[in-house]
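Data from run.txt: compact mmCIF, C-alpha atoms
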```
# COMPACT_ATOMS: atom_id res chain seq x y z
CA MET A 282 20.71 53.53 19.71
CA LYS A 283 20.89 49.89 20.81
CA ILE A 284 23.96 49.29 22.93
CA LYS A 285 25.41 45.81 23.24
CA LEU A 286 26.24 45.00 26.84
CA PHE A 287 29.06 42.56 26.25
CA TYR A 288 32.00 43.85 28.25
CA GLY A 289 32.05 41.61 31.24
CA LEU A 290 34.70 39.60 33.04
CA ALA A 291 36.26 38.24 29.86
CA SER A 292 36.55 41.72 28.37
CA LEU A 293 38.14 42.99 31.58
CA LEU A 294 40.68 40.17 31.41
CA ALA A 295 41.56 41.28 27.91
CA VAL A 296 41.93 44.89 29.05
CA PHE A 297 44.15 43.94 31.96
CA GLY A 298 46.36 41.51 30.09
CA GLY A 299 44.32 38.30 30.35
CA LYS A 300 44.61 35.56 27.74
CA HIS A 301 40.97 35.31 26.78
CA ALA A 302 39.16 37.96 24.77
CA CYS A 303 35.41 38.14 24.40
CA SER A 304 33.59 38.77 21.14
CA GLN A 305 30.08 38.97 22.54
CA VAL A 306 28.40 37.63 25.63
CA GLY A 307 25.10 38.28 27.33
CA ALA A 308 24.06 41.36 29.23
CA ASP A 309 24.46 39.58 32.55
CA THR A 310 28.26 39.72 32.24
CA PHE A 311 28.16 43.51 32.09
CA MET A 312 29.18 43.69 35.72
CA VAL A 313 27.41 46.26 37.87
CA LEU A 314 29.51 45.39 40.91
CA GLN A 315 33.09 44.26 41.25
CA ALA A 316 32.98 43.45 44.97
CA ARG A 317 36.62 42.50 45.56
CA ASN A 318 37.45 43.10 49.25
CA GLY A 319 34.21 44.99 49.80
CA LEU A 320 33.44 47.61 52.44
CA PRO A 321 33.82 45.55 55.60
CA HIS A 322 34.89 48.17 58.12
CA PHE A 323 32.15 50.60 57.13
CA PHE A 324 29.33 48.08 57.43
CA GLN A 325 30.83 46.60 60.57
CA LYS A 326 30.52 49.97 62.29
CA LEU A 327 26.95 50.37 61.06
CA GLU A 328 25.98 46.95 62.39
CA ARG A 329 27.47 47.89 65.76
CA HIS A 330 25.45 51.16 65.78
CA GLN A 331 28.64 53.21 65.74
CA PRO A 332 28.87 56.65 64.11
CA VAL A 333 30.21 56.75 60.56
CA THR A 334 31.40 59.46 58.22
CA ILE A 335 31.00 59.16 54.44
CA GLY A 336 33.07 61.26 52.06
CA TYR A 337 31.84 61.91 48.52
CA LEU A 338 34.75 62.97 46.28
CA GLY A 339 33.92 63.85 42.70
CA GLY A 340 32.80 66.40 40.15
CA SER A 341 29.50 68.17 39.52
CA ILE A 342 27.50 64.92 39.47
CA THR A 343 28.58 64.38 43.07
CA GLU A 344 28.29 68.04 44.01
CA ALA A 345 24.61 68.11 42.98
CA ALA A 346 21.90 67.17 45.47
CA GLY A 347 21.32 63.86 43.70
CA TYR A 348 22.69 60.37 44.33
CA ARG A 349 24.87 61.75 47.13
CA VAL A 350 21.90 63.06 49.12
CA GLN A 351 19.76 60.04 48.22
CA THR A 352 22.33 57.48 49.38
CA GLU A 353 22.97 59.46 52.55
CA GLN A 354 19.24 59.32 53.25
CA TYR A 355 19.21 55.58 52.53
CA PHE A 356 21.88 54.97 55.16
CA LYS A 357 20.10 57.12 57.71
CA GLU A 358 16.80 55.34 57.17
CA ASN A 359 18.27 51.83 57.23
CA TYR A 360 20.75 52.36 60.06
CA PRO A 361 18.84 54.70 62.38
CA HIS A 362 20.98 53.80 65.40
CA SER A 363 24.19 55.12 63.80
CA ASN A 364 25.00 58.80 63.65
CA ILE A 365 25.80 59.31 59.96
CA THR A 366 27.76 62.31 58.70
CA ALA A 367 28.20 63.01 54.98
CA ILE A 368 30.84 65.24 53.37
CA ASN A 369 30.13 66.86 50.03
CA ALA A 370 33.51 67.14 48.30
CA GLY A 371 32.16 67.43 44.78
CA VAL A 372 33.52 70.30 42.66
CA GLY A 373 32.02 70.84 39.22
CA GLY A 374 34.26 70.80 36.18
CA THR A 375 37.21 69.17 37.96
CA GLY A 376 38.67 65.68 37.86
CA SER A 377 40.93 63.44 39.87
CA ALA A 378 44.03 65.60 39.35
CA LEU A 379 42.54 68.29 41.58
CA GLY A 380 40.90 65.60 43.71
CA ALA A 381 44.34 64.36 44.75
CA PHE A 382 44.97 67.74 46.37
CA ARG A 383 41.47 68.08 47.79
CA VAL A 384 41.04 64.69 49.44
CA GLY A 385 43.25 65.60 52.41
CA PRO A 386 41.84 68.96 53.50
CA GLU A 387 38.26 68.33 52.36
CA ILE A 388 37.72 64.69 53.40
CA LEU A 389 40.54 63.05 55.36
CA GLN A 390 40.60 65.67 58.08
CA HIS A 391 37.07 64.47 58.96
CA ARG A 392 38.31 60.89 59.53
CA PRO A 393 35.96 59.15 57.05
CA ASP A 394 34.91 55.51 57.29
CA LEU A 395 33.96 55.31 53.61
CA VAL A 396 35.02 57.40 50.61
CA PHE A 397 33.20 57.31 47.29
CA ILE A 398 35.36 58.36 44.31
CA GLU A 399 33.43 59.61 41.25
CA PHE A 400 35.57 60.93 38.38
CA ALA A 401 34.76 58.70 35.39
CA VAL A 402 33.02 61.50 33.48
CA ASN A 403 35.36 64.37 34.35
CA ASP A 404 38.42 62.22 33.62
CA ALA A 405 37.00 60.91 30.34
CA GLU A 406 39.15 63.22 28.21
CA GLY A 407 42.04 63.53 30.66
CA ASP A 408 45.63 62.54 30.06
CA SER A 409 45.82 58.80 30.78
CA LEU A 410 48.98 58.89 32.88
CA MET A 411 47.76 61.85 34.92
CA VAL A 412 44.45 60.10 35.60
CA CYS A 413 46.28 56.97 36.77
CA ASN A 414 48.70 58.96 38.92
CA ALA A 415 45.87 60.97 40.44
CA ILE A 416 43.47 58.10 41.17
CA GLU A 417 46.23 55.98 42.69
CA GLY A 418 47.45 58.99 44.67
CA ILE A 419 43.96 59.53 46.10
CA ILE A 420 43.68 55.87 47.11
CA ARG A 421 47.12 55.79 48.70
CA GLN A 422 46.46 59.01 50.63
CA ILE A 423 43.23 57.58 52.02
CA LYS A 424 44.81 54.28 53.06
CA ARG A 425 47.94 55.91 54.48
CA ASN A 426 45.72 58.14 56.57
CA ASN A 427 43.72 55.17 57.91
CA LYS A 428 44.01 51.64 56.52
CA LYS A 429 40.48 50.88 57.77
CA THR A 430 38.86 53.57 55.64
CA ASP A 431 36.89 51.76 52.94
CA ILE A 432 36.85 53.03 49.36
CA CYS A 433 34.31 52.52 46.57
CA LEU A 434 34.77 53.73 42.99
CA LEU A 435 31.65 54.89 41.13
CA TYR A 436 31.58 54.97 37.31
CA THR A 437 29.12 57.54 36.03
CA ILE A 438 28.20 58.11 32.38
CA TYR A 439 27.83 60.96 29.92
CA GLU A 440 26.78 61.07 26.29
CA PRO A 441 30.19 60.69 24.56
CA MET A 442 30.68 57.37 26.37
CA LEU A 443 27.78 55.81 24.46
CA LYS A 444 30.02 55.23 21.44
CA ASP A 445 32.39 53.03 23.46
CA LEU A 446 29.46 51.20 25.01
CA GLN A 447 27.92 50.61 21.60
CA HIS A 448 31.11 48.85 20.53
CA GLY A 449 31.30 46.75 23.66
CA ARG A 450 34.11 48.68 25.32
CA LEU A 451 34.40 50.05 28.80
CA PRO A 452 34.99 53.80 28.47
CA ARG A 453 38.67 54.73 28.70
CA SER A 454 38.51 56.38 32.12
CA VAL A 455 36.76 53.32 33.54
CA ARG A 456 39.40 50.99 32.10
CA LEU A 457 42.14 53.08 33.73
CA MET A 458 40.40 53.18 37.09
CA GLU A 459 39.52 49.49 37.05
CA ARG A 460 43.17 48.54 36.70
CA ILE A 461 43.93 50.45 39.90
CA ALA A 462 40.83 49.08 41.66
CA VAL A 463 41.98 45.52 40.83
CA HIS A 464 45.46 46.25 42.17
CA TYR A 465 44.11 47.51 45.51
CA LYS A 466 41.17 45.05 45.59
CA LEU A 467 38.68 47.89 45.92
CA PRO A 468 34.99 47.54 45.05
CA SER A 469 33.65 49.44 42.08
CA ILE A 470 30.08 50.05 40.96
CA ASN A 471 29.37 50.68 37.29
CA LEU A 472 26.44 53.09 37.30
CA GLN A 473 26.28 52.91 33.52
CA HIS A 474 24.66 49.47 33.61
CA ASP A 475 21.08 50.31 34.56
CA VAL A 476 21.09 53.46 32.44
CA VAL A 477 22.08 51.47 29.35
CA LYS A 478 19.65 48.68 30.21
CA LEU A 479 16.72 51.12 30.30
CA LEU A 480 17.97 52.82 27.14
CA ASN A 481 18.04 49.49 25.31
CA LYS A 482 14.50 48.72 26.47
CA ASP A 483 13.39 52.09 25.06
CA GLU A 484 12.29 53.16 28.54
CA LEU A 485 14.82 55.99 28.85
CA VAL A 486 15.80 59.11 26.91
CA PHE A 487 19.45 59.80 27.54
CA HIS A 488 19.49 63.46 26.42
CA GLY A 489 16.05 64.99 26.61
CA GLU A 490 14.89 68.43 25.57
CA ALA A 491 13.73 70.64 28.41
CA GLY A 492 9.93 70.92 28.46
CA LYS A 493 9.32 68.15 25.95
CA ASP A 494 6.86 65.39 26.92
CA TYR A 495 8.36 61.90 26.53
CA GLY A 496 5.42 60.08 28.01
CA ARG A 497 6.40 57.31 30.40
CA LYS A 498 10.05 57.34 29.38
CA ILE A 499 12.59 58.45 31.95
CA VAL A 500 14.59 61.52 30.95
CA PHE A 501 18.09 60.79 32.18
CA THR A 502 19.69 64.18 31.45
CA ASN A 503 18.79 67.47 29.82
CA ASP A 504 22.37 68.20 28.79
CA GLY A 505 23.93 64.80 28.10
CA THR A 506 25.98 64.85 31.31
CA HIS A 507 24.18 65.85 34.49
CA PRO A 508 21.40 63.49 35.58
CA ALA A 509 17.96 64.91 36.16
CA THR A 510 16.18 63.91 39.37
CA ALA A 511 15.02 60.60 37.88
CA GLY A 512 18.54 59.99 36.54
CA HIS A 513 20.07 60.38 39.97
CA THR A 514 17.46 57.95 41.32
CA ILE A 515 18.69 55.33 38.84
CA TYR A 516 22.24 55.85 40.13
CA THR A 517 21.04 55.54 43.73
CA ASN A 518 19.10 52.35 43.09
CA THR A 519 22.13 50.81 41.37
CA ILE A 520 24.34 51.64 44.36
CA ILE A 521 21.84 50.30 46.90
CA ALA A 522 21.38 47.05 44.97
CA ALA A 523 25.15 46.60 44.70
CA PHE A 524 25.63 47.13 48.44
CA LYS A 525 23.57 44.03 49.14
CA ASN A 526 26.31 41.93 47.53
CA ILE A 527 29.37 43.66 48.95
CA ASN A 528 31.57 41.63 51.27
CA LEU A 529 31.11 42.42 54.97
CA ASP A 530 34.02 40.39 56.35
CA PRO A 531 37.32 42.26 56.87
CA GLN A 532 40.08 40.93 54.62
CA THR A 533 43.69 40.95 55.76
CA THR A 534 45.82 42.04 52.83
CA ALA A 535 49.15 43.78 52.63
CA PHE A 536 49.16 47.31 51.28
CA PRO A 537 50.50 46.87 47.73
CA ARG A 538 53.33 48.73 46.14
CA PRO A 539 52.32 51.50 43.72
CA LEU A 540 51.41 50.68 40.16
CA TYR A 541 52.63 54.12 39.15
CA PRO A 542 55.79 55.29 40.97
CA ALA A 543 55.03 58.95 40.16
CA ASN A 544 51.52 58.80 41.61
CA PHE A 545 50.05 61.78 43.46
CA GLU A 546 50.40 60.41 46.97
CA LYS A 547 52.73 63.13 48.25
CA THR A 548 50.96 66.43 47.79
CA ALA A 549 51.63 69.81 49.34
CA ILE A 550 49.35 72.85 49.42
CA VAL A 551 50.89 76.28 49.89
CA GLN A 552 48.93 79.45 50.61
CA PRO A 553 49.53 82.37 48.22
CA GLY A 554 50.85 84.49 51.08
CA GLU A 555 53.69 82.01 51.54
CA VAL A 556 55.17 82.43 48.06
CA GLN A 557 57.29 85.18 46.58
CA ARG A 558 55.13 87.80 44.90
CA THR A 559 55.22 91.36 43.64
CA PRO A 560 53.52 94.16 45.67
CA GLY A 561 50.43 94.50 43.47
CA TRP A 562 48.56 91.46 44.80
CA LYS A 563 45.39 92.10 46.79
CA THR A 564 43.39 89.86 49.13
CA VAL A 565 39.76 89.13 48.27
CA THR A 566 37.57 90.51 51.05
CA ALA A 567 34.32 92.30 50.22
CA GLU A 568 33.45 90.76 46.83
CA LYS A 569 30.17 89.01 47.68
CA GLU A 570 30.20 86.74 44.62
CA LEU A 571 33.49 85.21 45.83
CA GLN A 572 32.61 84.69 49.49
CA GLN A 573 31.51 81.09 48.92
CA TYR A 574 35.03 80.18 47.81
CA LEU A 575 36.87 81.54 50.84
CA LYS A 576 36.40 78.29 52.75
CA ALA A 577 38.47 76.44 50.16
CA TYR A 578 40.70 79.45 49.48
CA PRO A 579 40.95 81.39 52.77
CA ASN A 580 43.77 83.57 51.38
CA LEU A 581 42.39 84.11 47.89
CA MET A 582 44.35 86.83 46.10
CA TYR A 583 44.24 88.59 42.76
CA ALA A 584 46.26 90.97 40.61
CA VAL A 585 45.25 93.14 37.67
CA ASP A 586 48.59 94.37 36.33
CA THR A 587 50.63 92.30 33.87
CA LYS A 588 53.76 93.39 35.75
CA ASP A 589 52.65 91.50 38.85
CA SER A 590 53.74 87.90 39.29
CA ILE A 591 54.31 85.07 41.75
CA THR A 592 57.40 82.88 41.89
CA ILE A 593 57.38 79.31 43.25
CA THR A 594 60.52 77.27 43.85
CA PHE A 595 59.96 73.60 44.63
CA LYS A 596 61.38 70.12 44.25
CA GLY A 597 59.01 67.73 42.55
CA THR A 598 57.20 66.77 39.37
CA TYR A 599 54.10 68.99 39.24
CA MET A 600 53.08 72.47 40.36
CA GLY A 601 49.55 73.78 40.08
CA ILE A 602 47.38 76.77 40.88
CA GLY A 603 43.92 76.55 42.39
CA ASP A 604 42.00 79.57 41.12
CA ILE A 605 38.62 81.08 40.27
CA LEU A 606 37.05 81.37 36.84
CA GLY A 607 34.18 83.73 36.17
CA PRO A 608 33.16 87.11 34.78
CA SER A 609 36.06 89.05 36.31
CA ALA A 610 38.75 86.49 35.42
CA THR A 611 41.58 87.35 33.08
CA GLY A 612 41.67 85.81 29.64
CA ALA A 613 44.90 83.92 30.23
CA VAL A 614 48.01 83.58 32.35
CA VAL A 615 51.63 83.23 31.31
CA VAL A 616 53.69 80.44 32.87
CA SER A 617 57.47 80.24 32.71
CA VAL A 618 59.34 77.16 33.98
CA ASP A 619 63.06 77.37 34.79
CA GLY A 620 63.51 80.37 32.54
CA GLY A 621 62.19 78.53 29.51
CA LYS A 622 59.81 79.77 26.84
CA PRO A 623 56.64 81.17 28.45
CA VAL A 624 53.44 79.21 27.90
CA VAL A 625 50.00 80.84 27.80
CA ARG A 626 47.19 79.10 29.70
CA SER A 627 43.59 80.18 29.05
CA ARG A 628 41.56 81.20 32.13
CA PHE A 629 38.29 82.34 30.53
CA ASP A 630 35.83 80.13 28.68
CA SER A 631 32.20 79.86 27.57
CA TYR A 632 31.12 78.94 31.12
CA CYS A 633 32.53 82.08 32.69
CA TRP A 634 29.09 83.64 32.95
CA PHE A 635 29.16 82.19 36.47
CA TYR A 636 31.94 81.77 39.05
CA ARG A 637 33.51 78.41 39.83
CA ARG A 638 36.60 76.84 41.35
CA SER A 639 39.18 75.68 38.87
CA PHE A 640 42.87 74.85 38.59
CA TYR A 641 45.74 74.20 36.20
CA LEU A 642 48.86 72.07 36.53
CA VAL A 643 52.38 72.52 35.21
CA GLY A 644 54.10 69.21 34.48
CA PRO A 645 55.14 66.51 34.39
CA LEU A 646 58.63 67.73 35.15
CA THR A 647 61.77 65.86 36.12
CA ASP A 648 61.90 65.19 39.86
CA ALA A 649 64.28 68.05 40.57
CA VAL A 650 64.32 71.67 41.75
CA HIS A 651 62.23 74.00 39.57
CA THR A 652 61.30 77.67 39.57
CA VAL A 653 57.96 78.68 38.09
CA ILE A 654 56.88 82.27 37.43
CA ILE A 655 53.22 83.07 36.73
CA LYS A 656 51.70 86.38 35.68
CA LYS A 657 48.70 87.76 33.86
CA ASP A 658 48.76 87.66 30.06
CA ASP A 659 48.51 91.02 28.30
CA GLY A 660 46.15 89.77 25.60
CA VAL A 661 42.63 91.19 25.21
CA ILE A 662 39.64 88.89 24.75
CA ASP A 663 36.00 89.43 23.78
CA LYS A 664 34.27 88.11 26.90
CA ALA A 665 30.78 88.79 25.57
CA LYS A 666 31.46 86.65 22.52
CA LEU A 667 32.91 83.80 24.58
CA ILE A 668 29.98 83.57 27.00
CA ASN A 669 27.54 83.54 24.07
CA GLY A 670 24.64 85.55 25.44
CA HIS A 671 24.83 84.61 29.13
CA SER A 672 25.82 88.11 30.24
CA SER A 673 22.37 88.63 31.81
CA VAL A 674 23.40 86.48 34.81
CA TYR A 675 25.80 89.23 35.90
CA GLY A 676 25.70 92.87 34.87
CA ILE A 677 28.06 94.04 32.15
CA GLU A 678 30.17 95.77 34.80
CA SER A 679 31.10 92.38 36.27
CA TYR A 680 33.03 91.53 33.08
CA GLN A 681 35.10 94.72 33.02
CA PRO A 682 37.82 93.60 35.48
CA SER A 683 40.56 91.30 34.25
CA ARG A 684 42.00 89.54 37.28
CA ILE A 685 44.43 86.72 37.77
CA TYR A 686 43.24 84.77 40.82
CA ILE A 687 45.31 82.53 43.08
CA GLY A 688 43.59 80.50 45.78
CA ASN A 689 46.44 78.14 46.56
CA VAL A 690 49.58 76.60 45.14
CA MET A 691 49.62 72.81 44.74
CA ILE A 692 52.81 70.79 44.55
CA ILE A 693 53.65 67.14 43.94
CA GLY A 694 56.82 67.24 45.99
CA LYS A 695 57.78 69.97 48.43
CA LYS A 696 58.18 73.73 48.45
CA LEU A 697 61.69 75.12 48.94
```
Exercise: express the given structure as structure tokens:
Amino acid sequence: MKIKLFYGLASLLAVFGGKHACSQVGADTFMVLQARNGLPHFFQKLERHQPVTIGYLGGSITEAAGYRVQTEQYFKENYPHSNITAINAGVGGTGSALGAFRVGPEILQHRPDLVFIEFAVNDAEGDSLMVCNAIEGIIRQIKRNNKKTDICLLYTIYEPMLKDLQHGRLPRSVRLMERIAVHYKLPSINLQHDVVKLLNKDELVFHGEAGKDYGRKIVFTNDGTHPATAGHTIYTNTIIAAFKNINLDPQTTAFPRPLYPANFEKTAIVQPGEVQRTPGWKTVTAEKELQQYLKAYPNLMYAVDTKDSITITFKGTYMGIGDILGPSATGAVVVSVDGGKPVVRSRFDSYCWFYRRSFYLVGPLTDAVHTVIIKKDDGVIDKAKLINGHSSVYGIESYQPSRIYIGNVMIIGKKL
């Protein structure tokens, strides 16, 4: 597949309401870096040999020991006189909607000097308005916490994006994020560029088969999404090259008004013990497979009876549940808002042969007082069929329970 790299500045102007469209231009206008106001405070501290903290907020591509670890090592090697701390706030299978709730407790409490935001892949199929509200909410939370914290957006790539690239379009999630980056004058690095360049030169296989010999070609992924070691190295090299052109002089600019008035700037996290619940809920304690999640969910609870429920009353526009998916998870939950018709939300999928953090949101709602009731669905599912042969990872006994998990309650607004 030969991909035409012709979405550059002119194409961006068209996307963002400019007068001039672009039919086709050269590959050089496929911008790797949009420097804007740069990362001045971060590099200023490095040049002064001061300690810095870097937060990496994203999905599984960030969570993996790939570009995150490689760029951390780059900083440590090139700025040996600064004490550099890195925060891994990548959570697989989650996008910016959850990121808006995570950025405070997982990154901002560590007083970061630079925050990378990587959600282009996980937000690729997300609701457009929610993505915009979430990304802007993350940015506003970071800047409200400390206006000198620098922010850099990273645009990763996965296989379904190749169709947009082939037709000269920035992928949808990138277009949405770029509009916000322009508004706040934040730098962004398009990590797709060098991947596509190598693909066009027939020096890269985007989706390789495990164990197959491709000669000198670089295998970017083995699943179409998650970079292999060499793939992460491409990302790292793109970031390092872009940093050499990022502005180092602090710019004095007023903090702009929101693009999206309903953005996720004002978030609240409530522990499950603080909400109304029936007596059947139990606290996770001894289950060894869930211990790794107790840092994020220190009061993780579960129920097994369909008669058990939690009730949340709040004023705001969204309410969500941070939970756990995996072998022992229930098939679905039932959500009722303000006494309306209950809605069933699936909580077991083909990836539930392993445990992972997850979440679901209820909304958007009118900015008013709402009461939400959540309980376990009484439906029965065929877990073995859904996981499609992966039951060997955990014994069959691990799939017998059917639990509704609650790690925390997330609110855009405030709890009443």
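Among A:Val625, A:Val396, A:Leu314, A:Leu540, the residue with the shortest atom-to-atom distance to A:Gly418, counting only C-alpha atoms, is A:Leu540.
Straight-line separation from atom CA of A:Ile420 to atom CA of A:Lys695: 20.0 Å.
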Q | 10 Å contact set for stretch 534-536 of chain A, all atoms listed in the file, chain neighbours under 3 positions out, as a VMD selection string | A | chain A and resid 318 421 424 to 425 428 464 to 466 531 539
Q: Using all atoms listed in the file, find the one residue out of A:Thr611, A:Ser617, A:Asn669, A:Gln390 that sits nearest to A:Ser683.
A: A:Thr611
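Going from atom CA of A:Tyr337 to atom CA of A:Ala511 covers 19.9 Å.
Between atom CA of A:Thr506 and atom CA of A:Asn403 lies a distance of 9.9 Å.
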Q) Using only C-alpha atoms, what residues lie at most 12 Å away from (36.0, 66.4, 61.3) (file coordinates), given as a PyMOL selection string? A) chain A and resi 333-336+366-368+385-394
Q: Using all atoms listed in the file, determine which residues lie at most 10 Å from A:Asp404, disregarding the query and same-chain residues fewer than 4 positions distant; provide the list as an MDAnalysis selection string.
A: chainID A and resid 340 374:378 399:400 408:409 411:413 416 453:455 457:458
Q. So which residues touch A:Gly620 within 12 Å, counting all atoms listed in the file, skipping near sequence neighbours fewer than 3 positions away, as a PyMOL selection string?
A. chain A and resi 592+616-617+623-624+651-655
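At a cut-off of 6 Å from (28.4, 55.9, 35.0), the residue set is A:Tyr436, A:Thr437, A:Ile438, A:Asn471, A:Leu472, A:Gln473 (counting all atoms listed in the file).
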May I have the selected residues written with C-alpha atoms, as a compact mmCIF listing (two decimals), keeping the file's coordinate frame?
```txt
# COMPACT_ATOMS: atom_id res chain seq x y z
CA TYR A 436 31.58 54.97 37.31
CA THR A 437 29.12 57.54 36.03
CA ILE A 438 28.20 58.11 32.38
CA ASN A 471 29.37 50.68 37.29
CA LEU A 472 26.44 53.09 37.30
CA GLN A 473 26.28 52.91 33.52
```
(Q) Using all atoms listed in the file, which protein or nucleic acid residues come within 12 Å of A:Asp475? Drop anything in the same chain fewer than 4 positions from it, and give the result as a PyMOL selection string. (A) chain A and resi 286+308-309+311-314+436-438+470-471+479-482+484-485+487+501+512-520+522-523
Q: Compile the contact shell of A:Ile692 as a list in words: residues with an atom at most 9 Å away, counting only C-alpha atoms, same-chain residues fewer than 5 positions apart removed.
A: Phe382, Lys547, Thr548, Ala549, Ile550, Val551, Phe595, Lys596, Gly597, Thr598, Tyr599, Met600, Gly601 and Ile602 of chain A
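Ranking A:Gly319, A:Gly612, A:Gly347, A:Gly339 by their shortest atom-to-atom distance to A:Leu467, with all atoms listed in the file included, puts A:Gly319 first.
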